[in-house]
Amino acid sequence: MSTGSVIAIDFLIAVLAAAGWLGGGAAAAARRRPVALALAAFAVLATVARAVTVTMLARAGWWFAAEKILIAAPLSLTAVVVAGWRLLKARGDIRSAAIALLFAGYADSSALLVTVLHGYPASAGAGLLAVAGVVAATAVSWRLLGPRPSRAVSRTTLAVAVVALVAGTGLAAAPSAAPGVPHQHEQGATPSVGEPTKQFTLTAATATVTVSGQRVAAWAFDGQVPGPELTATVGDVLEVTLRNKDIARGVTLHWHGYDVPNSQDGVPGITQDAVLPGQEFVYRFRADQAGTYWYHTHAVSDIGVKMGLYGVLVVRPAPASGVDRVIAAHTLSSVSLPEPVQEPVAAGTPVRLRLINTDSTTHRYALAGTSFQVAAIDGMDLSQPSTLTGTAISIPAGGRYDLVFTAPATPIALSVDNRVVYATGATAAATSGWPVLDPLSYGAFAAPPWTRYDKEFTLVLDRGLDLRGLLPRYAHTVNGAADPDIPPQVVHLGDTVKFTIVNRSLVVHPWHLHGHHVLVLSRNGKAATGSPLWLDSFDVRPGEVWEVTFKADNPGMWANHCHNLAHAEQGMLLHLMYA
Ligand SMILES: [Cu+2]
């Protein structure tokens, strides 16, 4: 069973245990003895089952189990002991056990809240707040249901609750060890890369576009979604002038996966100010790396990209030969792009299909009617890719796969999530049952270029209540904090850096470091065995642990974030900075 499934099952069991105790308490209060006993027995069974799931999580990694072992386990054990003891003493009068059963329910519920609202890392503050909650809720129940507690018991209860609350709040609100990032602005310094050989102008504006016969309100570059396809040949110097006509919240251009100099990276608040209506910004960089890339706004990016402010950047080693097509999947106002294209291709023609996922969630691609190779992922050529048939491809948010094949005499069809988007004729092939390619074991292996790391960072991805902003929010967190309060990762030029990325949440997080490709070392403790995989976007699924490495060779301050852009806007963004 995958760790992601265990996380979900453990959560479900924890809910059932808490519900069993609370239900048992209510039944006992109503003098429904058989119901109360049955629910209490159920809660005990659920608690035993949790011992198994929590042990499994701890074996998968301490990150998955920390607060469950340090906070939930003591609370659950206390719950079983207290409720069990009162039930044994209750005999004829089940109502006398009601408060103990409710106490057990509060203990399990507050432990659950620690997981849901606080997560990783476990902290003394969270533990004390949980205890305060249990004591307070029990005291209220006691007043409402019980025989009036003695004055000494009342006072002790009040004192414990207040001390736990004050201490817990103080610890929880204490500033983190490292301060947030000072957002510097390094704009204006266009690097000296020579005279431009390719010039483009992109004008961002609100527009109404027609997609699949529907009129849709969009934000568009040059009135089209996707924006114009920018193509170049290796060695070109690109100069792209971005103008904003009327996008009130501002626009920038980020060259996704293209490792440009920091000042050209297009992240508002870090490398430049957002370009406001009436303003313009000129990007200039040398196209050194061939491959399939894309560009998109990084200003209010979750809305901007979704609304249509994106396009394709393709850098070819030489002018295209054969058939060379870009297929960028996107969802615009619930309409799936691209619109299907059918073109005849003569048998024997070399074909390259450049697949891009510009959405915030994973898409599944399948090429039917031919065998093929995955020539490149995220713009980087793979080493000795083998020939595939009947194999689907899963592309994370922001990722790109280049598929190559020689056109057969019979039609081929490429589908995205079972919708045909490109075909050379009419075909019918069932592809939904195909297995999905695992890129970690595809192509020819080569040992990583270094095995010693100057800097190592662990990023634990989770959710949690963020109280540091103006309004409380349920943030997507990294190591228990949300942007802008996540301490930056500081490296020196030339460092070899290793990231361990752990997803203990219930949703996929497509990870994206700006300015660098990272080499995949392992996933879930299993080393990569295929072609060296230099990625800029990779899905870290629930329960997964990825180890990746890169060389710190591109100075500046870089965004390092989840490319589910809504998650990034809700806190899952930090910075890599060079000392
Ligand atoms: Cu995410």
# chains A, B, ... in the order shown; residues from 1 in each chain; ligands from 1
>>> residues_around(residues="Gly469 in chain A", least_positions_apart="2", cutoff="12 Å", atoms="only C-alpha atoms", output="number ranges by chain")
A: 173, 465-467, 471-475, 481-485, 570-571
>>> residues_near_ligand(ligand="ligand 1", cutoff="6 Å", atoms="only C-alpha atoms and all ligand atoms", output="CSV table (one decimal) with N, CA, C and O atoms, in the first residue's frame")
chain,number,residue,atom,x,y,z
A,509,HIS,N,1.6,17.8,-5.2
A,509,HIS,CA,2.3,19.0,-5.3
A,509,HIS,C,3.4,18.9,-6.4
A,509,HIS,O,4.4,18.3,-6.3
A,510,PRO,N,3.1,19.6,-7.6
A,510,PRO,CA,4.1,19.6,-8.7
A,510,PRO,C,5.2,20.6,-8.3
A,510,PRO,O,4.9,21.8,-8.3
A,562,CYS,N,5.4,25.3,-5.4
A,562,CYS,CA,4.5,24.3,-6.0
A,562,CYS,C,3.9,25.0,-7.3
A,562,CYS,O,3.5,26.1,-7.2
A,564,ASN,N,1.2,23.9,-8.7
A,564,ASN,CA,-0.3,24.1,-8.6
A,564,ASN,C,-0.4,25.5,-8.2
A,564,ASN,O,-0.2,25.8,-7.0
A,567,HIS,N,-2.0,26.6,-5.0
A,567,HIS,CA,-1.2,26.3,-3.8
A,567,HIS,C,-0.1,27.3,-3.5
A,567,HIS,O,0.1,27.7,-2.4
>>> atom_distance(atom1="CA of Ala413 in chain A", atom2="CA of Gly399 in chain A")
20.7 Å
>>> closest_atom_pairs(of="range 32-65 of chain A", to="range 443-461 of chain A", cutoff="12 Å", atoms="only C-alpha atoms", output="CSV")
residue,atom,partner,partner_atom,distance
A:Gly61,CA,A:Val460,CA,11.1
A:Trp62,CA,A:Val460,CA,10.8
A:Trp63,CA,A:Val460,CA,7.2
A:Phe64,CA,A:Val460,CA,9.1
>>> write_last_selection(atoms="N, CA, C and O atoms", output="PDB file, in the first residue's frame")
ATOM      1  N   GLY A  61       8.790   7.316   7.242  1.00  0.00           N
ATOM      2  CA  GLY A  61       9.566   8.527   7.521  1.00  0.00           C
ATOM      3  C   GLY A  61       8.969   9.273   8.687  1.00  0.00           C
ATOM      4  O   GLY A  61       7.748   9.370   8.806  1.00  0.00           O
ATOM      5  N   TRP A  62       9.835   9.775   9.542  1.00  0.00           N
ATOM      6  CA  TRP A  62       9.389  10.486  10.740  1.00  0.00           C
ATOM      7  C   TRP A  62       8.458  11.651  10.397  1.00  0.00           C
ATOM      8  O   TRP A  62       7.526  11.967  11.122  1.00  0.00           O
ATOM      9  N   TRP A  63       8.706  12.286   9.222  1.00  0.00           N
ATOM     10  CA  TRP A  63       7.879  13.431   8.818  1.00  0.00           C
ATOM     11  C   TRP A  63       6.399  13.073   8.793  1.00  0.00           C
ATOM     12  O   TRP A  63       5.556  13.914   9.061  1.00  0.00           O
ATOM     13  N   PHE A  64       6.093  11.821   8.436  1.00  0.00           N
ATOM     14  CA  PHE A  64       4.691  11.436   8.266  1.00  0.00           C
ATOM     15  C   PHE A  64       3.994  11.173   9.605  1.00  0.00           C
ATOM     16  O   PHE A  64       2.772  11.137   9.666  1.00  0.00           O
TER      17      PHE A  64
END
>>> residues_around(residues="Ser212 in chain A", least_positions_apart="6", cutoff="9 Å", atoms="only C-alpha atoms", output="list in words")
Val335, Ser336, Leu337, Pro338 and Glu339 of chain A
>>> write_last_selection(atoms="all heavy atoms", output="JSON list (two decimals), in the first residue's frame")
[["chain", "number", "residue", "atom", "x", "y", "z"],
["A", 335, "VAL", "N", -13.19, 24.86, -20.79],
["A", 335, "VAL", "CA", -13.02, 24.32, -22.14],
["A", 335, "VAL", "C", -11.59, 23.78, -22.24],
["A", 335, "VAL", "O", -10.64, 24.46, -21.88],
["A", 335, "VAL", "CB", -13.23, 25.41, -23.21],
["A", 335, "VAL", "CG1", -13.01, 24.83, -24.61],
["A", 335, "VAL", "CG2", -14.61, 26.02, -23.09],
["A", 336, "SER", "N", -11.46, 22.53, -22.72],
["A", 336, "SER", "CA", -10.13, 21.92, -22.83],
["A", 336, "SER", "C", -9.45, 22.33, -24.13],
["A", 336, "SER", "O", -10.02, 22.18, -25.21],
["A", 336, "SER", "CB", -10.26, 20.40, -22.77],
["A", 336, "SER", "OG", -10.74, 20.02, -21.50],
["A", 337, "LEU", "N", -8.23, 22.83, -24.00],
["A", 337, "LEU", "CA", -7.40, 23.18, -25.14],
["A", 337, "LEU", "C", -6.27, 22.15, -25.23],
["A", 337, "LEU", "O", -5.93, 21.54, -24.23],
["A", 337, "LEU", "CB", -6.83, 24.59, -24.98],
["A", 337, "LEU", "CG", -7.85, 25.74, -24.93],
["A", 337, "LEU", "CD1", -7.13, 27.06, -24.70],
["A", 337, "LEU", "CD2", -8.65, 25.78, -26.21],
["A", 338, "PRO", "N", -5.64, 21.94, -26.40],
["A", 338, "PRO", "CA", -5.93, 22.62, -27.65],
["A", 338, "PRO", "C", -7.14, 22.02, -28.35],
["A", 338, "PRO", "O", -7.58, 20.91, -28.03],
["A", 338, "PRO", "CB", -4.67, 22.36, -28.47],
["A", 338, "PRO", "CG", -4.20, 21.02, -27.99],
["A", 338, "PRO", "CD", -4.54, 20.98, -26.52],
["A", 339, "GLU", "N", -7.67, 22.76, -29.32],
["A", 339, "GLU", "CA", -8.72, 22.21, -30.15],
["A", 339, "GLU", "C", -8.10, 21.14, -31.03],
["A", 339, "GLU", "O", -6.94, 21.25, -31.43],
["A", 339, "GLU", "CB", -9.34, 23.32, -30.99],
["A", 339, "GLU", "CG", -10.09, 24.33, -30.12],
["A", 339, "GLU", "CD", -10.75, 25.44, -30.92],
["A", 339, "GLU", "OE1", -11.44, 25.10, -31.90],
["A", 339, "GLU", "OE2", -10.56, 26.61, -30.57]]
>>> residues_around(residues="range 512-529 of chain A", least_positions_apart="3", cutoff="7 Å", atoms="only C-alpha atoms", output="list in words")
Gly257, Tyr258, Asp259, Val260, Leu440, Ser441, Phe445, Pro532, Leu533, Trp534, Leu535, Asp536, Ser537, Glu544, Val545, Trp546, Glu547, Val548, Thr549, Phe550, Asn554, Trp558, Ala559, Asn560, His561, Cys562 and His563 of chain A
>>> residues_around(residues="range 427-431 of chain A", least_positions_apart="6", cutoff="7 Å", atoms="only C-alpha atoms", output="number ranges by chain")
A: 366, 368, 411-413
>>> residues_around(residues="Leu253 in chain A", least_positions_apart="5", cutoff="6 Å", atoms="only C-alpha atoms", output="list in words")
Gly266, His296 and Thr297 of chain A
>>> residues_around(residues="Ala27 in chain A", least_positions_apart="5", cutoff="9 Å", atoms="only C-alpha atoms", output="VMD selection string")
chain A and resid 22 32 to 37 39 94 to 95 98
>>> write_last_selection(atoms="N, CA, C and O atoms", output="PDB file, in the first residue's frame")
ATOM      1  N   LEU A  22     -17.236  10.075  21.126  1.00  0.00           N
ATOM      2  CA  LEU A  22     -18.231  11.146  21.325  1.00  0.00           C
ATOM      3  C   LEU A  22     -19.644  10.575  21.285  1.00  0.00           C
ATOM      4  O   LEU A  22     -20.503  10.920  22.114  1.00  0.00           O
ATOM      5  N   ARG A  32     -28.432   5.138  27.249  1.00  0.00           N
ATOM      6  CA  ARG A  32     -28.588   4.073  26.250  1.00  0.00           C
ATOM      7  C   ARG A  32     -27.383   3.141  26.385  1.00  0.00           C
ATOM      8  O   ARG A  32     -26.421   3.237  25.630  1.00  0.00           O
ATOM      9  N   ARG A  33     -27.444   2.263  27.338  1.00  0.00           N
ATOM     10  CA  ARG A  33     -26.290   1.451  27.720  1.00  0.00           C
ATOM     11  C   ARG A  33     -25.706   0.611  26.569  1.00  0.00           C
ATOM     12  O   ARG A  33     -24.497   0.704  26.287  1.00  0.00           O
ATOM     13  N   PRO A  34     -26.524  -0.208  25.849  1.00  0.00           N
ATOM     14  CA  PRO A  34     -25.923  -1.049  24.794  1.00  0.00           C
ATOM     15  C   PRO A  34     -25.248  -0.213  23.701  1.00  0.00           C
ATOM     16  O   PRO A  34     -24.163  -0.556  23.230  1.00  0.00           O
ATOM     17  N   VAL A  35     -25.893   0.888  23.321  1.00  0.00           N
ATOM     18  CA  VAL A  35     -25.303   1.741  22.273  1.00  0.00           C
ATOM     19  C   VAL A  35     -23.980   2.309  22.757  1.00  0.00           C
ATOM     20  O   VAL A  35     -22.967   2.304  22.037  1.00  0.00           O
ATOM     21  N   ALA A  36     -23.973   2.793  23.990  1.00  0.00           N
ATOM     22  CA  ALA A  36     -22.760   3.394  24.535  1.00  0.00           C
ATOM     23  C   ALA A  36     -21.621   2.378  24.563  1.00  0.00           C
ATOM     24  O   ALA A  36     -20.491   2.675  24.166  1.00  0.00           O
ATOM     25  N   LEU A  37     -21.924   1.160  25.012  1.00  0.00           N
ATOM     26  CA  LEU A  37     -20.877   0.134  25.099  1.00  0.00           C
ATOM     27  C   LEU A  37     -20.367  -0.251  23.712  1.00  0.00           C
ATOM     28  O   LEU A  37     -19.155  -0.404  23.496  1.00  0.00           O
ATOM     29  N   LEU A  39     -20.370   1.591  20.945  1.00  0.00           N
ATOM     30  CA  LEU A  39     -19.565   2.670  20.357  1.00  0.00           C
ATOM     31  C   LEU A  39     -18.194   2.774  21.030  1.00  0.00           C
ATOM     32  O   LEU A  39     -17.177   3.022  20.375  1.00  0.00           O
ATOM     33  N   ILE A  94     -24.751   3.614  33.554  1.00  0.00           N
ATOM     34  CA  ILE A  94     -23.905   3.979  32.411  1.00  0.00           C
ATOM     35  C   ILE A  94     -23.693   5.486  32.345  1.00  0.00           C
ATOM     36  O   ILE A  94     -22.688   5.975  31.852  1.00  0.00           O
ATOM     37  N   ARG A  95     -24.659   6.237  32.866  1.00  0.00           N
ATOM     38  CA  ARG A  95     -24.557   7.693  32.759  1.00  0.00           C
ATOM     39  C   ARG A  95     -23.323   8.226  33.498  1.00  0.00           C
ATOM     40  O   ARG A  95     -22.759   9.260  33.122  1.00  0.00           O
ATOM     41  N   ALA A  98     -20.424   8.864  31.221  1.00  0.00           N
ATOM     42  CA  ALA A  98     -20.618   9.759  30.066  1.00  0.00           C
ATOM     43  C   ALA A  98     -19.468  10.757  29.923  1.00  0.00           C
ATOM     44  O   ALA A  98     -18.930  10.951  28.826  1.00  0.00           O
TER      45      ALA A  98
END
>>> select_by_dssp(residues="range 292-334 of chain A", states="helix (DSSP H, G or I)", output="list in words")
Ser301, Asp302, Ile303, Gly304, Val305, Lys306 and Met307 of chain A
>>> write_last_selection(atoms="C-alpha atoms", output="compact mmCIF listing (two decimals), in the first residue's frame")
# COMPACT_ATOMS: atom_id res chain seq x y z
CA SER A 301 -0.22 33.67 -11.43
CA ASP A 302 -3.00 31.35 -10.30
CA ILE A 303 -5.59 33.59 -11.96
CA GLY A 304 -3.40 35.02 -14.74
CA VAL A 305 -2.28 31.70 -16.20
CA LYS A 306 -5.71 30.13 -15.86
CA MET A 307 -7.23 33.11 -17.69
>>> select_by_dssp(residues="range 27-212 of chain A", states="strand (DSSP E or B)", output="PyMOL selection string")
chain A and resi 198-211
>>> closest_atom_pairs(of="range 317-386 of chain A", to="range 223-240 of chain A", cutoff="10 Å", atoms="only C-alpha atoms", output="JSON lines")
{"residue": "A:Pro317", "atom": "CA", "partner": "A:Val234", "partner_atom": "CA", "distance": 5.3}
{"residue": "A:Ala318", "atom": "CA", "partner": "A:Thr233", "partner_atom": "CA", "distance": 6.0}
{"residue": "A:Pro319", "atom": "CA", "partner": "A:Thr233", "partner_atom": "CA", "distance": 7.0}
{"residue": "A:Ala320", "atom": "CA", "partner": "A:Thr233", "partner_atom": "CA", "distance": 9.5}
{"residue": "A:Val326", "atom": "CA", "partner": "A:Glu229", "partner_atom": "CA", "distance": 9.0}
{"residue": "A:Ala328", "atom": "CA", "partner": "A:Pro226", "partner_atom": "CA", "distance": 8.3}
{"residue": "A:Ala329", "atom": "CA", "partner": "A:Pro226", "partner_atom": "CA", "distance": 9.7}
{"residue": "A:His330", "atom": "CA", "partner": "A:Pro226", "partner_atom": "CA", "distance": 8.6}
{"residue": "A:Leu332", "atom": "CA", "partner": "A:Val225", "partner_atom": "CA", "distance": 8.7}
{"residue": "A:Leu337", "atom": "CA", "partner": "A:Pro226", "partner_atom": "CA", "distance": 8.9}
{"residue": "A:Pro338", "atom": "CA", "partner": "A:Pro226", "partner_atom": "CA", "distance": 8.8}
{"residue": "A:Thr358", "atom": "CA", "partner": "A:Pro226", "partner_atom": "CA", "distance": 9.8}
>>> write_last_selection(atoms="N, CA, C and O atoms", output="PDB file, in the first residue's frame")
ATOM      1  N   PRO A 317      17.700  23.160 -32.203  1.00  0.00           N
ATOM      2  CA  PRO A 317      19.133  23.175 -32.507  1.00  0.00           C
ATOM      3  C   PRO A 317      19.395  23.641 -33.937  1.00  0.00           C
ATOM      4  O   PRO A 317      20.431  24.208 -34.233  1.00  0.00           O
ATOM      5  N   ALA A 318      18.434  23.388 -34.807  1.00  0.00           N
ATOM      6  CA  ALA A 318      18.528  23.775 -36.219  1.00  0.00           C
ATOM      7  C   ALA A 318      17.086  23.935 -36.691  1.00  0.00           C
ATOM      8  O   ALA A 318      16.170  23.486 -36.009  1.00  0.00           O
ATOM      9  N   PRO A 319      16.862  24.570 -37.850  1.00  0.00           N
ATOM     10  CA  PRO A 319      15.479  24.688 -38.322  1.00  0.00           C
ATOM     11  C   PRO A 319      14.784  23.325 -38.345  1.00  0.00           C
ATOM     12  O   PRO A 319      15.420  22.307 -38.631  1.00  0.00           O
ATOM     13  N   ALA A 320      13.480  23.328 -38.035  1.00  0.00           N
ATOM     14  CA  ALA A 320      12.741  22.079 -37.897  1.00  0.00           C
ATOM     15  C   ALA A 320      12.752  21.288 -39.195  1.00  0.00           C
ATOM     16  O   ALA A 320      12.674  21.854 -40.282  1.00  0.00           O
ATOM     17  N   VAL A 326       3.669  21.496 -31.518  1.00  0.00           N
ATOM     18  CA  VAL A 326       3.536  21.741 -30.080  1.00  0.00           C
ATOM     19  C   VAL A 326       2.093  21.498 -29.680  1.00  0.00           C
ATOM     20  O   VAL A 326       1.172  21.962 -30.360  1.00  0.00           O
ATOM     21  N   ALA A 328      -0.060  22.058 -26.392  1.00  0.00           N
ATOM     22  CA  ALA A 328      -0.084  22.598 -25.031  1.00  0.00           C
ATOM     23  C   ALA A 328      -1.475  22.430 -24.445  1.00  0.00           C
ATOM     24  O   ALA A 328      -2.430  23.057 -24.896  1.00  0.00           O
ATOM     25  N   ALA A 329      -1.587  21.555 -23.449  1.00  0.00           N
ATOM     26  CA  ALA A 329      -2.890  21.319 -22.814  1.00  0.00           C
ATOM     27  C   ALA A 329      -3.181  22.438 -21.823  1.00  0.00           C
ATOM     28  O   ALA A 329      -2.303  22.863 -21.067  1.00  0.00           O
ATOM     29  N   HIS A 330      -4.419  22.909 -21.843  1.00  0.00           N
ATOM     30  CA  HIS A 330      -4.828  23.969 -20.929  1.00  0.00           C
ATOM     31  C   HIS A 330      -6.343  23.903 -20.755  1.00  0.00           C
ATOM     32  O   HIS A 330      -7.047  23.419 -21.637  1.00  0.00           O
ATOM     33  N   LEU A 332      -9.420  26.402 -20.200  1.00  0.00           N
ATOM     34  CA  LEU A 332      -9.817  27.807 -20.189  1.00  0.00           C
ATOM     35  C   LEU A 332     -11.329  27.879 -19.982  1.00  0.00           C
ATOM     36  O   LEU A 332     -12.086  27.439 -20.849  1.00  0.00           O
ATOM     37  N   LEU A 337      -8.234  22.827 -24.004  1.00  0.00           N
ATOM     38  CA  LEU A 337      -7.405  23.175 -25.145  1.00  0.00           C
ATOM     39  C   LEU A 337      -6.270  22.148 -25.230  1.00  0.00           C
ATOM     40  O   LEU A 337      -5.931  21.545 -24.227  1.00  0.00           O
ATOM     41  N   PRO A 338      -5.638  21.939 -26.399  1.00  0.00           N
ATOM     42  CA  PRO A 338      -5.930  22.621 -27.654  1.00  0.00           C
ATOM     43  C   PRO A 338      -7.143  22.017 -28.351  1.00  0.00           C
ATOM     44  O   PRO A 338      -7.576  20.912 -28.030  1.00  0.00           O
ATOM     45  N   THR A 358       0.118  23.072 -19.271  1.00  0.00           N
ATOM     46  CA  THR A 358       0.126  24.436 -18.722  1.00  0.00           C
ATOM     47  C   THR A 358      -0.937  24.612 -17.637  1.00  0.00           C
ATOM     48  O   THR A 358      -1.144  25.714 -17.152  1.00  0.00           O
TER      49      THR A 358
END
>>> closest_residue(among="A:Leu75, A:Ala139, A:Leu437, A:Leu242", to="Gly530 in chain A", atoms="only C-alpha atoms")
A:Leu437
>>> closest_atom_pairs(of="range 268-371 of chain A", to="range 248-252 of chain A", cutoff="6 Å", atoms="only C-alpha atoms", output="JSON lines")
{"residue": "A:Ala274", "atom": "CA", "partner": "A:Gly250", "partner_atom": "CA", "distance": 5.1}
{"residue": "A:Val275", "atom": "CA", "partner": "A:Val251", "partner_atom": "CA", "distance": 5.1}
{"residue": "A:Leu276", "atom": "CA", "partner": "A:Gly250", "partner_atom": "CA", "distance": 4.5}
{"residue": "A:Thr297", "atom": "CA", "partner": "A:Thr252", "partner_atom": "CA", "distance": 4.8}
{"residue": "A:His298", "atom": "CA", "partner": "A:Thr252", "partner_atom": "CA", "distance": 5.7}
{"residue": "A:Ala299", "atom": "CA", "partner": "A:Val251", "partner_atom": "CA", "distance": 5.3}
>>> write_last_selection(atoms="all heavy atoms", output="CSV table (one decimal), in the first residue's frame")
chain,number,residue,atom,x,y,z
A,274,ALA,N,5.7,44.0,-11.0
A,274,ALA,CA,4.7,43.6,-12.0
A,274,ALA,C,4.5,44.8,-13.0
A,274,ALA,O,4.6,46.0,-12.6
A,274,ALA,CB,3.4,43.3,-11.3
A,275,VAL,N,4.3,44.5,-14.2
A,275,VAL,CA,4.1,45.5,-15.3
A,275,VAL,C,2.7,45.9,-15.3
A,275,VAL,O,1.8,45.0,-15.5
A,275,VAL,CB,4.5,44.9,-16.7
A,275,VAL,CG1,4.3,45.9,-17.8
A,275,VAL,CG2,6.0,44.5,-16.6
A,276,LEU,N,2.4,47.1,-14.9
A,276,LEU,CA,1.0,47.6,-14.7
A,276,LEU,C,0.5,48.1,-16.1
A,276,LEU,O,1.2,48.4,-17.0
A,276,LEU,CB,0.9,48.6,-13.6
A,276,LEU,CG,1.3,48.1,-12.3
A,276,LEU,CD1,1.4,49.2,-11.2
A,276,LEU,CD2,0.4,47.0,-11.8
A,297,THR,N,2.6,34.5,-17.2
A,297,THR,CA,2.7,35.5,-16.3
A,297,THR,C,3.0,34.9,-14.9
A,297,THR,O,2.5,33.8,-14.6
A,297,THR,CB,1.4,36.4,-16.2
A,297,THR,OG1,1.6,37.5,-15.3
A,297,THR,CG2,0.2,35.6,-15.8
A,298,HIS,N,3.7,35.7,-14.0
A,298,HIS,CA,3.9,35.2,-12.7
A,298,HIS,C,3.3,36.2,-11.7
A,298,HIS,O,3.6,36.2,-10.5
A,298,HIS,CB,5.4,35.0,-12.4
A,298,HIS,CG,5.7,33.8,-11.6
A,298,HIS,ND1,5.5,33.7,-10.3
A,298,HIS,CD2,6.3,32.6,-12.0
A,298,HIS,CE1,5.9,32.5,-9.9
A,298,HIS,NE2,6.4,31.8,-10.9
A,299,ALA,N,2.5,37.2,-12.2
A,299,ALA,CA,1.8,38.1,-11.4
A,299,ALA,C,0.4,37.5,-11.1
A,299,ALA,O,-0.3,37.1,-12.1
A,299,ALA,CB,1.7,39.5,-12.0
>>> closest_residue(among="A:Val540, A:Ala107, A:Val209, A:Leu470", to="Ala72 in chain A", atoms="only C-alpha atoms")
A:Ala107
